[in-house]
>>> print(open('input-v3.cif').read())   # mmCIF, C-alpha atoms
data_run
loop_
_atom_site.group_PDB
_atom_site.id
_atom_site.type_symbol
_atom_site.label_atom_id
_atom_site.label_comp_id
_atom_site.auth_asym_id
_atom_site.auth_seq_id
_atom_site.Cartn_x
_atom_site.Cartn_y
_atom_site.Cartn_z
ATOM 1 C CA MET A 19 42.206 49.152 -79.283
ATOM 2 C CA LYS A 20 41.119 45.476 -79.839
ATOM 3 C CA ASN A 21 44.296 44.331 -78.057
ATOM 4 C CA ILE A 22 43.500 46.591 -75.114
ATOM 5 C CA LEU A 23 39.942 45.234 -74.823
ATOM 6 C CA PHE A 24 41.188 41.646 -75.027
ATOM 7 C CA GLY A 25 43.789 42.297 -72.310
ATOM 8 C CA ILE A 26 41.203 43.751 -69.961
ATOM 9 C CA SER A 27 38.831 40.827 -70.609
ATOM 10 C CA GLN A 28 41.546 38.283 -69.833
ATOM 11 C CA PHE A 29 42.490 40.161 -66.706
ATOM 12 C CA LEU A 30 38.913 40.083 -65.443
ATOM 13 C CA ARG A 31 38.568 36.344 -66.090
ATOM 14 C CA ARG A 32 41.788 35.581 -64.227
ATOM 15 C CA THR A 33 41.008 37.693 -61.174
ATOM 16 C CA HIS A 34 37.260 36.889 -60.966
ATOM 17 C CA ARG A 35 36.698 40.346 -59.564
ATOM 18 C CA THR A 36 33.255 41.540 -58.639
ATOM 19 C CA GLN A 37 31.059 43.970 -60.542
ATOM 20 C CA PRO A 38 32.609 47.171 -59.079
ATOM 21 C CA LEU A 39 35.951 46.237 -60.607
ATOM 22 C CA ILE A 40 34.285 45.811 -63.985
ATOM 23 C CA PHE A 41 32.845 49.321 -63.760
ATOM 24 C CA THR A 42 36.251 50.671 -62.767
ATOM 25 C CA ALA A 43 37.922 49.065 -65.759
ATOM 26 C CA ILE A 44 35.248 50.294 -68.121
ATOM 27 C CA GLY A 45 35.613 53.792 -66.687
ATOM 28 C CA CYS A 46 39.359 53.749 -67.269
ATOM 29 C CA LEU A 47 38.816 52.577 -70.813
ATOM 30 C CA ALA A 48 36.329 55.413 -71.461
ATOM 31 C CA VAL A 49 38.789 58.027 -70.256
ATOM 32 C CA PHE A 50 41.529 56.566 -72.415
ATOM 33 C CA SER A 51 39.253 56.580 -75.445
ATOM 34 C CA MET A 52 38.323 60.246 -74.950
ATOM 35 C CA ILE A 53 41.938 61.265 -74.771
ATOM 36 C CA THR A 54 42.810 59.184 -77.832
ATOM 37 C CA PHE A 55 39.987 60.427 -80.070
ATOM 38 C CA GLY A 56 39.822 64.061 -79.052
ATOM 39 C CA GLY A 57 36.995 64.190 -76.497
ATOM 40 C CA MET A 58 39.470 65.619 -73.973
ATOM 41 C CA TYR A 59 41.881 67.146 -76.459
ATOM 42 C CA VAL A 60 42.562 70.246 -74.396
ATOM 43 C CA VAL A 61 43.640 68.084 -71.434
ATOM 44 C CA ALA A 62 46.190 66.303 -73.576
ATOM 45 C CA GLN A 63 47.742 69.576 -74.797
ATOM 46 C CA PRO A 64 50.346 71.614 -72.942
ATOM 47 C CA ALA A 65 49.161 74.986 -71.678
ATOM 48 C CA SER A 66 49.771 77.756 -74.177
ATOM 49 C CA THR A 67 52.565 80.153 -73.342
ATOM 50 C CA SER A 68 52.499 83.954 -73.553
ATOM 51 C CA SER A 69 54.813 83.806 -76.570
ATOM 52 C CA GLU A 70 52.319 81.604 -78.410
ATOM 53 C CA ARG A 71 49.294 83.752 -77.592
ATOM 54 C CA PRO A 72 50.488 87.261 -76.783
ATOM 55 C CA ALA A 73 48.136 89.418 -74.749
ATOM 56 C CA VAL A 74 46.773 92.546 -76.412
ATOM 57 C CA LYS A 75 48.511 95.491 -74.810
ATOM 58 C CA THR A 76 46.502 98.693 -74.677
ATOM 59 C CA PRO A 77 48.803 101.677 -75.228
ATOM 60 C CA ASN A 78 48.574 104.702 -72.950
ATOM 61 C CA LEU A 79 47.540 107.295 -75.520
ATOM 62 C CA GLY A 80 46.967 109.887 -72.807
ATOM 63 C CA ARG A 81 50.686 110.278 -72.219
ATOM 64 C CA HIS A 82 51.088 112.111 -75.540
ATOM 65 C CA PHE A 83 48.691 114.838 -74.393
ATOM 66 C CA GLN A 84 50.566 115.033 -71.095
ATOM 67 C CA GLU A 85 53.880 115.415 -72.899
ATOM 68 C CA PHE A 86 52.537 118.494 -74.689
ATOM 69 C CA GLY A 87 50.690 119.743 -71.606
ATOM 70 C CA ARG A 88 47.358 119.849 -73.460
ATOM 71 C CA GLU A 89 43.855 118.563 -72.836
ATOM 72 C CA GLY A 90 42.150 116.569 -75.523
ATOM 73 C CA SER A 91 40.973 113.193 -76.718
ATOM 74 C CA ILE A 92 41.664 110.555 -79.323
ATOM 75 C CA VAL A 93 39.828 107.472 -80.532
ATOM 76 C CA ILE A 94 41.263 104.942 -83.009
ATOM 77 C CA TYR A 95 39.198 102.116 -84.473
ATOM 78 C CA ASP A 96 40.994 99.020 -85.779
ATOM 79 C CA SER A 97 38.416 97.759 -88.283
ATOM 80 C CA LYS A 98 39.951 94.345 -88.991
ATOM 81 C CA ASN A 99 40.079 93.382 -85.322
ATOM 82 C CA ASN A 100 37.008 95.404 -84.283
ATOM 83 C CA ARG A 101 39.024 97.049 -81.520
ATOM 84 C CA ILE A 102 38.885 100.588 -80.128
ATOM 85 C CA TYR A 103 41.817 102.459 -78.575
ATOM 86 C CA GLU A 104 41.045 105.751 -76.931
ATOM 87 C CA HIS A 105 41.965 108.450 -74.460
ATOM 88 C CA ASN A 106 39.239 110.431 -72.680
ATOM 89 C CA PRO A 107 36.156 108.314 -73.573
ATOM 90 C CA GLN A 108 33.727 110.885 -72.173
ATOM 91 C CA ARG A 109 35.036 113.560 -74.508
ATOM 92 C CA ASN A 110 34.946 111.117 -77.420
ATOM 93 C CA ALA A 111 31.196 110.838 -76.828
ATOM 94 C CA THR A 112 30.644 114.606 -76.503
ATOM 95 C CA ALA A 113 29.347 116.532 -79.527
ATOM 96 C CA ILE A 114 30.910 119.782 -80.730
ATOM 97 C CA ALA A 115 30.847 121.657 -84.030
ATOM 98 C CA PRO A 116 32.884 119.891 -86.735
ATOM 99 C CA ALA A 117 34.562 123.096 -87.964
ATOM 100 C CA SER A 118 36.614 122.487 -91.127
ATOM 101 C CA THR A 119 36.369 118.693 -90.870
ATOM 102 C CA PHE A 120 32.939 119.355 -92.414
ATOM 103 C CA LYS A 121 34.751 120.130 -95.668
ATOM 104 C CA ILE A 122 34.664 116.384 -96.323
ATOM 105 C CA PHE A 123 30.872 116.418 -96.321
ATOM 106 C CA ASN A 124 30.652 119.802 -98.063
ATOM 107 C CA ALA A 125 32.851 118.549 -100.913
ATOM 108 C CA LEU A 126 30.677 115.449 -101.331
ATOM 109 C CA VAL A 127 27.528 117.547 -101.699
ATOM 110 C CA ALA A 128 29.114 120.103 -104.030
ATOM 111 C CA LEU A 129 30.451 117.459 -106.412
ATOM 112 C CA GLU A 130 27.265 115.391 -106.323
ATOM 113 C CA ILE A 131 24.929 118.216 -107.335
ATOM 114 C CA GLY A 132 27.381 119.916 -109.703
ATOM 115 C CA VAL A 133 28.068 123.057 -107.705
ATOM 116 C CA VAL A 134 31.605 122.450 -108.934
ATOM 117 C CA PRO A 135 32.161 120.010 -111.814
ATOM 118 C CA ASP A 136 35.384 118.521 -110.467
ATOM 119 C CA ASP A 137 38.265 119.037 -108.070
ATOM 120 C CA VAL A 138 40.237 121.449 -110.277
ATOM 121 C CA ALA A 139 37.551 123.951 -111.340
ATOM 122 C CA VAL A 140 38.619 127.374 -110.044
ATOM 123 C CA LEU A 141 36.525 129.844 -108.055
ATOM 124 C CA THR A 142 37.527 133.504 -108.136
ATOM 125 C CA TRP A 143 38.718 135.062 -104.893
ATOM 126 C CA ASP A 144 36.379 137.809 -103.677
ATOM 127 C CA GLY A 145 39.281 140.158 -102.939
ATOM 128 C CA ILE A 146 38.644 140.240 -99.189
ATOM 129 C CA HIS A 147 41.957 139.882 -97.368
ATOM 130 C CA ARG A 148 41.898 137.167 -94.710
ATOM 131 C CA GLU A 149 44.317 136.239 -91.939
ATOM 132 C CA ILE A 150 45.776 133.222 -93.729
ATOM 133 C CA ASP A 151 47.760 134.152 -96.851
ATOM 134 C CA ALA A 152 46.977 130.869 -98.625
ATOM 135 C CA TRP A 153 43.304 131.902 -98.701
ATOM 136 C CA ASN A 154 43.883 135.157 -100.562
ATOM 137 C CA HIS A 155 43.793 134.005 -104.179
ATOM 138 C CA ASP A 156 41.735 132.073 -106.714
ATOM 139 C CA THR A 157 41.620 128.386 -105.888
ATOM 140 C CA ASN A 158 39.968 125.047 -106.593
ATOM 141 C CA LEU A 159 38.345 122.296 -104.510
ATOM 142 C CA ARG A 160 41.510 120.250 -104.093
ATOM 143 C CA GLN A 161 43.767 123.125 -103.065
ATOM 144 C CA ALA A 162 41.094 124.702 -100.870
ATOM 145 C CA PHE A 163 40.755 121.391 -99.030
ATOM 146 C CA LYS A 164 44.498 121.286 -98.434
ATOM 147 C CA ASP A 165 44.652 124.938 -97.323
ATOM 148 C CA SER A 166 41.326 124.645 -95.452
ATOM 149 C CA THR A 167 40.125 127.766 -97.279
ATOM 150 C CA VAL A 168 36.948 128.735 -95.450
ATOM 151 C CA TRP A 169 35.522 131.199 -97.999
ATOM 152 C CA PHE A 170 35.714 128.642 -100.820
ATOM 153 C CA TYR A 171 33.594 126.094 -98.964
ATOM 154 C CA GLN A 172 31.212 128.806 -97.794
ATOM 155 C CA VAL A 173 30.556 129.587 -101.460
ATOM 156 C CA LEU A 174 29.887 125.912 -102.118
ATOM 157 C CA ALA A 175 27.384 125.736 -99.253
ATOM 158 C CA ARG A 176 25.546 128.863 -100.432
ATOM 159 C CA ARG A 177 25.323 127.468 -103.951
ATOM 160 C CA ALA A 178 24.026 124.153 -102.661
ATOM 161 C CA GLY A 179 21.383 125.987 -100.673
ATOM 162 C CA TYR A 180 19.670 125.344 -97.379
ATOM 163 C CA GLU A 181 17.103 122.776 -98.510
ATOM 164 C CA ARG A 182 19.476 120.529 -100.451
ATOM 165 C CA MET A 183 22.099 120.688 -97.720
ATOM 166 C CA GLN A 184 19.548 119.711 -95.077
ATOM 167 C CA GLN A 185 18.333 116.844 -97.255
ATOM 168 C CA PHE A 186 21.835 115.391 -97.528
ATOM 169 C CA ILE A 187 22.485 115.910 -93.813
ATOM 170 C CA ASN A 188 19.313 113.941 -93.063
ATOM 171 C CA LYS A 189 20.074 111.168 -95.560
ATOM 172 C CA VAL A 190 23.525 110.621 -94.099
ATOM 173 C CA GLY A 191 22.457 111.182 -90.501
ATOM 174 C CA TYR A 192 25.449 113.453 -89.951
ATOM 175 C CA GLY A 193 25.914 114.463 -86.299
ATOM 176 C CA ASN A 194 22.845 116.026 -84.705
ATOM 177 C CA ARG A 195 21.503 116.959 -88.197
ATOM 178 C CA GLN A 196 20.958 120.580 -87.157
ATOM 179 C CA ILE A 197 22.000 123.295 -89.636
ATOM 180 C CA GLY A 198 19.947 126.184 -88.275
ATOM 181 C CA THR A 199 18.055 128.468 -90.630
ATOM 182 C CA ALA A 200 18.643 129.529 -94.230
ATOM 183 C CA ALA A 201 20.673 132.452 -92.881
ATOM 184 C CA ASP A 202 23.146 129.987 -91.330
ATOM 185 C CA ILE A 203 23.929 128.160 -94.575
ATOM 186 C CA ASP A 204 27.554 129.345 -94.742
ATOM 187 C CA ARG A 205 28.477 128.980 -91.067
ATOM 188 C CA PHE A 206 26.389 126.264 -89.378
ATOM 189 C CA TRP A 207 29.448 123.958 -89.154
ATOM 190 C CA LEU A 208 31.690 126.718 -87.795
ATOM 191 C CA GLN A 209 29.529 128.297 -85.110
ATOM 192 C CA GLN A 210 26.957 125.533 -84.559
ATOM 193 C CA PRO A 211 24.143 124.407 -84.397
ATOM 194 C CA LEU A 212 25.676 121.415 -86.216
ATOM 195 C CA GLN A 213 27.502 119.157 -83.752
ATOM 196 C CA ILE A 214 29.175 115.757 -83.971
ATOM 197 C CA THR A 215 31.115 113.549 -81.565
ATOM 198 C CA PRO A 216 34.543 112.071 -82.322
ATOM 199 C CA LYS A 217 32.986 108.601 -82.369
ATOM 200 C CA GLU A 218 30.343 109.779 -84.836
ATOM 201 C CA GLN A 219 33.125 111.182 -87.000
ATOM 202 C CA ILE A 220 34.598 107.678 -87.179
ATOM 203 C CA LYS A 221 31.246 106.143 -88.150
ATOM 204 C CA PHE A 222 30.908 108.702 -90.953
ATOM 205 C CA LEU A 223 34.451 107.974 -92.166
ATOM 206 C CA GLN A 224 33.749 104.231 -92.116
ATOM 207 C CA ARG A 225 30.756 104.771 -94.381
ATOM 208 C CA LEU A 226 32.828 106.972 -96.666
ATOM 209 C CA TYR A 227 35.526 104.310 -96.916
ATOM 210 C CA GLN A 228 32.958 101.588 -97.607
ATOM 211 C CA GLY A 229 31.068 103.715 -100.144
ATOM 212 C CA ASP A 230 27.976 103.460 -97.969
ATOM 213 C CA LEU A 231 26.800 107.068 -98.470
ATOM 214 C CA PRO A 232 24.094 108.577 -100.737
ATOM 215 C CA PHE A 233 26.650 109.848 -103.265
ATOM 216 C CA SER A 234 27.900 108.485 -106.578
ATOM 217 C CA GLN A 235 31.070 106.405 -106.703
ATOM 218 C CA ARG A 236 32.734 109.161 -108.755
ATOM 219 C CA THR A 237 32.001 111.712 -106.026
ATOM 220 C CA ILE A 238 33.236 109.425 -103.253
ATOM 221 C CA ASN A 239 36.415 108.537 -105.140
ATOM 222 C CA LEU A 240 37.237 112.209 -105.803
ATOM 223 C CA VAL A 241 36.784 113.169 -102.160
ATOM 224 C CA LYS A 242 38.853 110.210 -100.979
ATOM 225 C CA ASP A 243 41.601 111.337 -103.342
ATOM 226 C CA ILE A 244 41.695 114.938 -102.143
ATOM 227 C CA MET A 245 41.826 113.665 -98.548
ATOM 228 C CA VAL A 246 45.216 111.996 -99.074
ATOM 229 C CA ARG A 247 47.867 113.586 -96.831
ATOM 230 C CA GLU A 248 50.623 110.989 -97.079
ATOM 231 C CA GLN A 249 51.132 108.109 -99.460
ATOM 232 C CA THR A 250 54.042 105.667 -99.420
ATOM 233 C CA PRO A 251 54.497 102.099 -100.702
ATOM 234 C CA ASP A 252 53.577 100.944 -97.195
ATOM 235 C CA TYR A 253 50.581 103.078 -96.238
ATOM 236 C CA THR A 254 48.092 105.781 -97.217
ATOM 237 C CA LEU A 255 46.982 108.395 -94.704
ATOM 238 C CA ARG A 256 43.834 110.434 -95.367
ATOM 239 C CA GLY A 257 42.531 113.178 -93.123
ATOM 240 C CA LYS A 258 41.177 116.644 -92.491
ATOM 241 C CA THR A 259 41.987 119.173 -89.806
ATOM 242 C CA GLY A 260 39.727 121.803 -88.297
ATOM 243 C CA TRP A 261 39.728 124.590 -85.708
ATOM 244 C CA LEU A 262 36.628 125.407 -83.700
ATOM 245 C CA THR A 263 36.935 129.038 -82.580
ATOM 246 C CA SER A 264 33.388 129.547 -81.275
ATOM 247 C CA THR A 265 34.239 127.786 -77.987
ATOM 248 C CA LYS A 266 36.544 128.647 -75.106
ATOM 249 C CA PRO A 267 39.154 127.333 -75.354
ATOM 250 C CA ASP A 268 39.405 126.815 -79.103
ATOM 251 C CA VAL A 269 39.303 123.147 -80.117
ATOM 252 C CA GLY A 270 41.363 121.583 -82.864
ATOM 253 C CA TRP A 271 40.204 118.544 -84.849
ATOM 254 C CA PHE A 272 42.086 115.944 -86.860
ATOM 255 C CA VAL A 273 40.037 113.120 -88.371
ATOM 256 C CA GLY A 274 40.722 110.522 -91.038
ATOM 257 C CA TYR A 275 41.891 106.996 -91.641
ATOM 258 C CA LEU A 276 45.079 105.049 -92.279
ATOM 259 C CA GLU A 277 45.322 102.108 -94.673
ATOM 260 C CA GLN A 278 48.198 99.801 -93.779
ATOM 261 C CA ASN A 279 48.876 96.061 -93.436
ATOM 262 C CA LYS A 280 45.670 95.248 -95.350
ATOM 263 C CA ASN A 281 43.718 96.977 -92.597
ATOM 264 C CA VAL A 282 42.047 100.341 -92.013
ATOM 265 C CA TYR A 283 42.450 102.409 -88.849
ATOM 266 C CA PHE A 284 39.963 105.256 -88.384
ATOM 267 C CA PHE A 285 40.830 108.093 -86.015
ATOM 268 C CA ALA A 286 39.411 111.280 -84.520
ATOM 269 C CA THR A 287 41.491 113.623 -82.354
ATOM 270 C CA THR A 288 40.485 116.780 -80.502
ATOM 271 C CA LEU A 289 42.805 119.217 -78.756
ATOM 272 C CA ASP A 290 42.271 122.348 -76.657
ATOM 273 C CA ARG A 291 44.326 125.128 -78.230
ATOM 274 C CA GLN A 292 46.163 127.546 -75.985
ATOM 275 C CA LYS A 293 48.121 129.346 -78.709
ATOM 276 C CA PRO A 294 48.393 129.355 -82.522
ATOM 277 C CA GLU A 295 51.546 127.252 -82.344
ATOM 278 C CA ASP A 296 49.415 124.351 -81.091
ATOM 279 C CA ALA A 297 48.167 123.659 -84.619
ATOM 280 C CA PRO A 298 50.695 120.909 -85.426
ATOM 281 C CA VAL A 299 50.203 119.237 -82.022
ATOM 282 C CA ARG A 300 46.857 117.631 -82.927
ATOM 283 C CA ILE A 301 48.535 115.932 -85.899
ATOM 284 C CA GLU A 302 51.662 114.942 -83.983
ATOM 285 C CA ILE A 303 49.653 113.359 -81.152
ATOM 286 C CA THR A 304 47.683 111.379 -83.723
ATOM 287 C CA ARG A 305 50.862 110.183 -85.422
ATOM 288 C CA ARG A 306 52.450 109.144 -82.121
ATOM 289 C CA SER A 307 49.300 107.260 -81.170
ATOM 290 C CA LEU A 308 49.258 105.381 -84.477
ATOM 291 C CA LYS A 309 52.931 104.541 -84.001
ATOM 292 C CA ASP A 310 52.035 103.055 -80.615
ATOM 293 C CA LEU A 311 50.036 100.517 -82.612
ATOM 294 C CA GLY A 312 53.071 99.691 -84.763
ATOM 295 C CA LEU A 313 51.883 101.849 -87.667
ATOM 296 C CA LEU A 314 53.361 104.586 -89.858
ATOM 297 C CA ALA A 315 56.715 102.810 -89.666
ATOM 298 C CA GLN A 316 58.548 101.363 -92.629
ATOM 299 C CA ILE A 317 57.626 97.728 -93.192
ATOM 300 C CA ASN A 318 60.608 95.438 -93.761
#
>>> encode(input="input-v3.cif", output="structure tokens")
Amino acid sequence: MKNILFGISQFLRRTHRTQPLIFTAIGCLAVFSMITFGGMYVVAQPASTSSERPAVKTPNLGRHFQEFGREGSIVIYDSKNNRIYEHNPQRNATAIAPASTFKIFNALVALEIGVVPDDVAVLTWDGIHREIDAWNHDTNLRQAFKDSTVWFYQVLARRAGYERMQQFINKVGYGNRQIGTAADIDRFWLQQPLQITPKEQIKFLQRLYQGDLPFSQRTINLVKDIMVREQTPDYTLRGKTGWLTSTKPDVGWFVGYLEQNKNVYFFATTLDRQKPEDAPVRIEITRRSLKDLGLLAQIN
């Protein structure tokens, strides 16, 4: 830099230029200095290419519903990147009854207050034959969650009682917080008045994952464990299904979260059911949507 200054000084002496030339030289020197020391660093760098900074491509999640010829919605929250992917945003913000997805909350309450001591304590079947064979026998919390055994969780709600259930609903701020009257204690999540939006489901699941709920760590850990649907060396998928039959058409739920790549992806899917065979579709659409994000595939 000293050599540069000396050269400019000698040049000015030899040429005997006027003051404007001095200002011009000084201006050139200032620009050179900024480039050299970082003041105009971005100017000195080549423009980044698309391969260096790939654009985030939003997948068309709606096409999966179209492929099955069904109406519905899905919302996926990428927690690490604070990014939402969704189909049918209006429906994702519309509240409906949670149906059997409420078993997550019901299990938390039952374990916390000791309605059942753990996930393997058995309740005796009442002998009433129901339409799903898996429901017609003695069972425990873990198996009843897997089979979505309605009567089992109705017993838990009755044992918890109206006042305690309402207290926990209020503490958590679950959905619209409405559970009706004492007479509704074993059906308020099936036939309303309790309602929750898909986006609210995700907020609840985030709090469950983070342990940010008014339940003990033991209770939260047990419920997280019974929620596991798939577990591989590469990922863990937790979730709960539900069918809302008090609306026309029926609406299927699938909510949960996927842990993969040191990240957590929360999801909530709804699907209008036209026939009983539609049950697996809500899960399949969710899986295809997660795969669109490069998930649920084997990691090399």
>>> atom_distance(input="input-v3.cif", atom1="CA of Phe222 (chain A)", atom2="CA of Trp153 (chain A)")
27.4 Å
>>> resolve_selection(input="input-v3.cif", expression="the PyMOL selection byres ((chain A and resi 179) around 12)", output="number ranges by chain")
A: 124, 127-128, 131, 133, 172-178, 180-186, 197, 199-204
>>> resolve_selection(input="input-v3.cif", expression="the PyMOL selection byres ((chain A and resi 313) around 10)", output="ChimeraX atom specification")
/A:252-253,276-279,283,305-312,314-317
>>> closest_residue(input="input-v3.cif", among="A:Met245, A:Val168, A:Leu262, A:Val299", to="Leu226 (chain A)", atoms="all atoms listed in the file")
A:Met245
>>> atom_distance(input="input-v3.cif", atom1="CA of Glu130 (chain A)", atom2="CA of Gly145 (chain A)")
27.7 Å
>>> atom_distance(input="input-v3.cif", atom1="CA of Asp230 (chain A)", atom2="CA of Val138 (chain A)")
25.0 Å
>>> axis_aligned_box(input="input-v3.cif", around="region 200-213 of chain A", padding_each_side="5 Å", output="JSON")
{"center_x": 25.2, "center_y": 125.8, "center_z": -89.2, "size_x": 23.0, "size_y": 23.3, "size_z": 21.0}
>>> closest_residue(input="input-v3.cif", among="A:Val282, A:Ala139, A:Ile114, A:Leu79", to="Asn100 (chain A)", atoms="all atoms listed in the file")
A:Val282
